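A.B. asks: Pasting work00.cif here (mmCIF, C-alpha atoms):
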```cif
data_run
#
loop_
_atom_site.group_PDB
_atom_site.id
_atom_site.type_symbol
_atom_site.label_atom_id
_atom_site.label_comp_id
_atom_site.auth_asym_id
_atom_site.auth_seq_id
_atom_site.Cartn_x
_atom_site.Cartn_y
_atom_site.Cartn_z
ATOM 1 C CA PRO Q 1 39.048 77.494 -46.454
ATOM 2 C CA LEU Q 2 37.394 79.757 -43.897
ATOM 3 C CA PHE Q 3 34.446 78.390 -41.963
ATOM 4 C CA LEU Q 4 31.768 80.356 -40.170
ATOM 5 C CA VAL Q 5 29.586 78.922 -37.418
ATOM 6 C CA VAL Q 6 25.994 80.034 -37.865
ATOM 7 C CA SER Q 7 23.433 79.633 -35.122
ATOM 8 C CA ARG Q 8 20.302 79.994 -37.241
ATOM 9 C CA PRO Q 9 19.288 79.698 -40.873
ATOM 10 C CA TYR Q 10 20.360 82.494 -43.185
ATOM 11 C CA PRO Q 11 18.665 83.206 -46.491
ATOM 12 C CA LEU Q 12 20.544 82.158 -49.602
ATOM 13 C CA LEU Q 13 22.725 79.652 -47.781
ATOM 14 C CA PRO Q 14 22.783 76.215 -49.356
ATOM 15 C CA GLN Q 15 19.996 74.033 -47.945
ATOM 16 C CA ALA Q 16 19.104 76.646 -45.276
ATOM 17 C CA GLN Q 17 21.748 75.401 -42.881
ATOM 18 C CA MET Q 18 20.494 75.197 -39.320
ATOM 19 C CA ALA Q 19 21.743 75.842 -35.804
ATOM 20 C CA GLU Q 20 25.424 75.632 -34.926
ATOM 21 C CA GLN Q 21 26.653 74.351 -38.258
ATOM 22 C CA GLN Q 22 29.772 75.442 -40.063
ATOM 23 C CA VAL Q 23 29.487 77.180 -43.387
ATOM 24 C CA ASN Q 24 32.442 77.140 -45.764
ATOM 25 C CA LEU Q 25 32.595 80.782 -46.789
ATOM 26 C CA GLY Q 26 34.658 79.871 -49.840
ATOM 27 C CA THR Q 27 31.702 78.020 -51.371
ATOM 28 C CA LEU Q 28 29.375 81.033 -51.203
ATOM 29 C CA ASN Q 29 29.134 83.514 -54.045
ATOM 30 C CA LEU Q 30 29.438 87.280 -53.514
ATOM 31 C CA GLU Q 31 25.679 87.790 -53.347
ATOM 32 C CA GLN Q 32 25.328 85.131 -50.648
ATOM 33 C CA LEU Q 33 28.289 86.552 -48.746
ATOM 34 C CA ASN Q 34 26.829 90.035 -48.945
ATOM 35 C CA MET Q 35 23.445 88.832 -47.647
ATOM 36 C CA LEU Q 36 25.149 86.957 -44.824
ATOM 37 C CA LYS Q 37 27.251 90.032 -44.015
ATOM 38 C CA LYS Q 38 24.162 92.251 -43.832
ATOM 39 C CA GLN Q 39 22.388 89.755 -41.585
ATOM 40 C CA ILE Q 40 25.321 89.514 -39.199
ATOM 41 C CA GLU Q 41 25.716 93.315 -39.184
ATOM 42 C CA GLU Q 42 22.062 93.626 -38.146
ATOM 43 C CA GLU Q 43 22.557 91.067 -35.398
ATOM 44 C CA ALA Q 44 25.708 92.827 -34.182
ATOM 45 C CA GLU Q 45 23.834 96.139 -34.109
ATOM 46 C CA HIS Q 46 21.016 94.525 -32.123
ATOM 47 C CA LEU Q 47 23.533 93.105 -29.637
ATOM 48 C CA ALA Q 48 25.231 96.507 -29.283
ATOM 49 C CA ASN Q 49 21.850 98.139 -28.621
ATOM 50 C CA SER Q 50 21.074 95.442 -26.051
ATOM 51 C CA LEU Q 51 24.360 96.170 -24.271
ATOM 52 C CA GLN Q 52 23.499 99.843 -24.143
ATOM 53 C CA GLN Q 53 20.032 99.107 -22.720
ATOM 54 C CA LEU Q 54 21.463 96.753 -20.089
ATOM 55 C CA SER Q 55 23.941 99.436 -19.079
ATOM 56 C CA LEU Q 56 21.093 101.917 -18.629
ATOM 57 C CA VAL Q 57 19.213 99.430 -16.447
ATOM 58 C CA ILE Q 58 22.279 98.996 -14.235
ATOM 59 C CA ASN Q 59 22.492 102.774 -13.856
ATOM 60 C CA LYS Q 60 18.825 102.887 -12.810
ATOM 61 C CA TYR Q 61 19.383 100.204 -10.166
ATOM 62 C CA GLN Q 62 22.408 102.097 -8.841
ATOM 63 C CA ASP Q 63 20.359 105.314 -8.717
ATOM 64 C CA SER Q 64 17.621 103.422 -6.871
ATOM 65 C CA LYS Q 65 20.138 102.163 -4.321
ATOM 66 C CA GLU Q 66 21.363 105.711 -3.721
ATOM 67 C CA ALA Q 67 17.797 106.989 -3.362
ATOM 68 C CA ALA Q 68 16.864 104.214 -0.923
ATOM 69 C CA THR Q 69 19.997 104.835 1.128
ATOM 70 C CA SER Q 70 19.316 108.576 1.299
ATOM 71 C CA LEU Q 71 15.695 107.913 2.326
ATOM 72 C CA GLY Q 72 16.937 105.652 5.092
ATOM 73 C CA ALA Q 73 19.029 108.390 6.696
ATOM 74 C CA LYS Q 74 18.087 109.019 10.337
ATOM 75 C CA ASP Q 75 17.091 112.634 9.761
ATOM 76 C CA SER Q 76 14.965 112.009 6.643
ATOM 77 C CA ALA Q 77 11.610 111.304 8.364
ATOM 78 C CA GLY Q 78 9.161 114.178 7.902
ATOM 79 C CA LYS Q 79 11.140 115.835 5.123
ATOM 80 C CA PRO Q 80 9.271 116.959 1.998
ATOM 81 C CA LEU Q 81 9.745 115.193 -1.335
ATOM 82 C CA LEU Q 82 8.143 114.834 -4.757
ATOM 83 C CA VAL Q 83 6.374 111.531 -5.359
ATOM 84 C CA PRO Q 84 6.156 110.357 -8.985
ATOM 85 C CA LEU Q 85 2.672 109.312 -10.090
ATOM 86 C CA THR Q 86 3.699 108.898 -13.726
ATOM 87 C CA SER Q 87 6.920 109.549 -15.617
ATOM 88 C CA SER Q 88 6.013 113.240 -15.887
ATOM 89 C CA LEU Q 89 3.564 113.893 -13.012
ATOM 90 C CA TYR Q 90 4.768 114.439 -9.439
ATOM 91 C CA VAL Q 91 2.923 115.402 -6.243
ATOM 92 C CA SER Q 92 4.253 116.821 -3.010
ATOM 93 C CA GLY Q 93 4.634 114.509 -0.052
ATOM 94 C CA THR Q 94 6.608 113.925 3.118
ATOM 95 C CA ILE Q 95 8.734 110.982 4.167
ATOM 96 C CA GLY Q 96 6.910 108.852 6.714
ATOM 97 C CA ASP Q 97 8.520 105.478 7.458
ATOM 98 C CA SER Q 98 12.159 105.952 6.527
ATOM 99 C CA SER Q 99 13.153 102.372 7.324
ATOM 100 C CA HIS Q 100 11.135 100.764 4.508
ATOM 101 C CA VAL Q 101 10.707 101.359 0.776
ATOM 102 C CA LEU Q 102 8.451 99.922 -1.909
ATOM 103 C CA VAL Q 103 10.466 97.980 -4.491
ATOM 104 C CA ASP Q 104 9.202 97.198 -7.985
ATOM 105 C CA ILE Q 105 10.111 93.526 -8.439
ATOM 106 C CA GLY Q 106 8.795 93.368 -12.002
ATOM 107 C CA THR Q 107 5.548 93.059 -13.951
ATOM 108 C CA GLY Q 108 3.935 95.765 -11.847
ATOM 109 C CA TYR Q 109 4.400 94.089 -8.450
ATOM 110 C CA VAL Q 110 5.831 96.099 -5.581
ATOM 111 C CA VAL Q 111 7.071 94.739 -2.277
ATOM 112 C CA LYS Q 112 7.720 96.592 0.974
ATOM 113 C CA MET Q 113 11.350 96.006 1.991
ATOM 114 C CA THR Q 114 13.830 97.381 4.448
ATOM 115 C CA ILE Q 115 16.497 99.651 2.995
ATOM 116 C CA LYS Q 116 19.069 96.887 3.457
ATOM 117 C CA ASP Q 117 16.884 94.289 1.708
ATOM 118 C CA ALA Q 118 16.122 96.726 -1.126
ATOM 119 C CA ASN Q 119 19.820 97.399 -1.669
ATOM 120 C CA GLU Q 120 20.585 93.657 -1.607
ATOM 121 C CA PHE Q 121 17.797 93.102 -4.147
ATOM 122 C CA ALA Q 122 19.289 95.812 -6.389
ATOM 123 C CA ASP Q 123 22.763 94.275 -6.005
ATOM 124 C CA ARG Q 124 21.438 90.856 -7.089
ATOM 125 C CA ARG Q 125 19.735 92.401 -10.105
ATOM 126 C CA ILE Q 126 22.873 94.331 -11.028
ATOM 127 C CA LYS Q 127 24.970 91.159 -10.811
ATOM 128 C CA THR Q 128 22.491 89.238 -12.985
ATOM 129 C CA ILE Q 129 22.498 92.016 -15.569
ATOM 130 C CA GLN Q 130 26.306 92.199 -15.543
ATOM 131 C CA ASP Q 131 26.456 88.432 -16.125
ATOM 132 C CA ASN Q 132 24.069 88.823 -19.044
ATOM 133 C CA MET Q 133 26.136 91.713 -20.388
ATOM 134 C CA SER Q 134 29.212 89.469 -20.389
ATOM 135 C CA LYS Q 135 27.337 86.906 -22.468
ATOM 136 C CA VAL Q 136 26.119 89.570 -24.899
ATOM 137 C CA GLN Q 137 29.650 91.017 -25.189
ATOM 138 C CA GLN Q 138 30.998 87.553 -26.011
ATOM 139 C CA ALA Q 139 28.317 87.071 -28.665
ATOM 140 C CA LEU Q 140 29.140 90.505 -30.097
ATOM 141 C CA ARG Q 141 32.853 89.630 -30.290
ATOM 142 C CA ILE Q 142 31.956 86.446 -32.194
ATOM 143 C CA LYS Q 143 29.731 88.390 -34.602
ATOM 144 C CA LYS Q 144 32.512 90.904 -35.243
ATOM 145 C CA GLY Q 145 34.953 88.071 -35.893
ATOM 146 C CA ASN Q 146 32.465 86.529 -38.308
ATOM 147 C CA LEU Q 147 32.090 89.862 -40.086
ATOM 148 C CA GLU Q 148 35.851 90.163 -40.476
ATOM 149 C CA ALA Q 149 36.013 86.653 -41.925
ATOM 150 C CA ILE Q 150 33.213 87.389 -44.395
ATOM 151 C CA VAL Q 151 34.778 90.672 -45.507
ATOM 152 C CA SER Q 152 38.116 88.920 -45.967
ATOM 153 C CA VAL Q 153 36.573 86.213 -48.173
ATOM 154 C CA MET Q 154 34.646 88.838 -50.135
ATOM 155 C CA GLN Q 155 37.855 90.778 -50.769
ATOM 156 C CA GLN Q 156 39.620 87.614 -51.898
ATOM 157 C CA LYS Q 157 36.785 86.773 -54.289
ATOM 158 C CA ILE Q 158 36.768 90.296 -55.709
ATOM 159 C CA GLN Q 159 40.547 90.153 -56.244
ATOM 160 C CA MET Q 160 40.199 86.790 -58.000
ATOM 161 C CA MET Q 161 37.457 88.202 -60.248
ATOM 162 C CA GLU Q 162 39.610 91.225 -61.103
ATOM 163 C CA GLN Q 163 42.571 88.989 -61.905
ATOM 164 C CA GLN Q 164 40.376 86.804 -64.113
ATOM 165 C CA GLN Q 165 39.080 89.877 -65.947
ATOM 166 C CA GLN Q 166 42.610 91.151 -66.442
ATOM 167 C CA GLY Q 167 43.607 87.733 -67.777
ATOM 168 C CA ILE Q 168 40.699 87.770 -70.237
ATOM 169 C CA ALA Q 169 41.489 91.336 -71.352
ATOM 170 C CA GLN Q 170 45.073 90.375 -72.207
#
```
Please express the file's structure as C-alpha cells.

C.D. replies:
Amino acid sequence: PLFLVVSRPYPLLPQAQMAEQQVNLGTLNLEQLNMLKKQIEEEAEHLANSLQQLSLVINKYQDSKEAATSLGAKDSAGKPLLVPLTSSLYVSGTIGDSSHVLVDIGTGYVVKMTIKDANEFADRRIKTIQDNMSKVQQALRIKKGNLEAIVSVMQQKIQMMEQQQQGIAQ
C-alpha cells in the first residue's frame, strides 16, 4: 500500500488526521483521493507562487546593491537624479553625500548606512531568502511526489473498477 504523509488535516480524510501522520491512500475512495489531490495541487501552486515572489525579491536586492554601488562612485556627488516619492511619482534631485545611503530595513524603518554596510545588509537578506527558497523548493518536490502517488492510486482504483464492471457485464 502507498502511504502519504500529511502535515495538516484534509477534508474527507478518516477522523481528520492531523499533522505529520501517514495516510494509506489505498483506503481512500476516489472522491476522497480527488479532494486530497485538489488540496495538494492548491498547496503546490501556492508554493510555486511563493518561489516566484522570493525570486523577485532577490532581484530587487541585487538591483539595490547595484544602485548603491553606482551612487558610491567617486564622481557621483553633485550629479542629477530622480528621487522616488511614491511608486509612480519622482522629483528631480542631486546626489549629496555619496558615501551613505538610506536602507529600508523593513516595516517602514530606514537606516543610514555606508555603501559597504548597505551591500552587506543586502547580501545577508539575499542569503536568507535563498535559504528559504531551498526550503520551499524541497516542500514543492514533496508535494509533487505526493501528487504523483495520489494519481497513481486513483488510476489503479479506476482500472479495478473498470475490470469489475467488465466482469459483471460478462

A.B. asks: Assuming the chain letters and numbering stay as they are in my file, what does the PyMOL selection byres ((chain Q and resi 43) around 12) actually select? List them as a list in words.

C.D. replies: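 So the PyMOL selection byres ((chain Q and resi 43) around 12), applied here, picks out Val6, Ser7, Arg8, Tyr10, Leu36, Lys37, Lys38, Gln39, Ile40, Glu41, Glu42, Ala44, Glu45, His46, Leu47, Ala48, Asn49, Ser50, Val136, Ala139, Leu140, Arg141, Ile142, Lys143, Lys144, Asn146 and Leu147 of chain Q.
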
A.B. asks: Enter the distance from CA of Ser76 (chain Q) to CA of Tyr90 (chain Q), in Å, rounded to one decimal.

C.D. replies: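 For CA of Ser76 (chain Q) relative to CA of Tyr90 (chain Q), the distance reads 19.2 Å.
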
A.B. asks: Given 5 Å of margin on each side, can you work out the centre and size in Å (one decimal) of an axis-aligned box holding every listed atom of region 114-131 of chain Q, as AutoDock Vina command-line options?

C.D. replies:
```
--center_x 20.1 --center_y 94.0 --center_z -5.8 --size_x 22.6 --size_y 21.2 --size_z 30.6
```

A.B. asks: Given the file shown, enumerate the residues that the PyMOL selection byres ((chain Q and resi 125) around 12) captures and present them as a list in words.

C.D. replies: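 On the file shown, the PyMOL selection byres ((chain Q and resi 125) around 12) covers Leu54, Val57, Ile58, Asn59, Lys60, Tyr61, Gln62, Ser64, Lys65, Asp104, Ile105, Gly106, Ala118, Asn119, Glu120, Phe121, Ala122, Asp123, Arg124, Ile126, Lys127, Thr128, Ile129, Gln130, Asp131 and Asn132 of chain Q.
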
A.B. asks: For CA of Thr107 (chain Q) and CA of Asp63 (chain Q), determine how far apart the two atoms are, in Å to one decimal place.

C.D. replies: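 We find that CA of Thr107 (chain Q) and CA of Asp63 (chain Q) lie 19.9 Å from each other.
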
A.B. asks: Pick from Q:Ile168, Q:Ala68, Q:Leu33, Q:Met133: nearest to Asp117 (chain Q), with only C-alpha atoms counted?

C.D. replies: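 So, comparing all the options, the nearest one is Q:Ala68.
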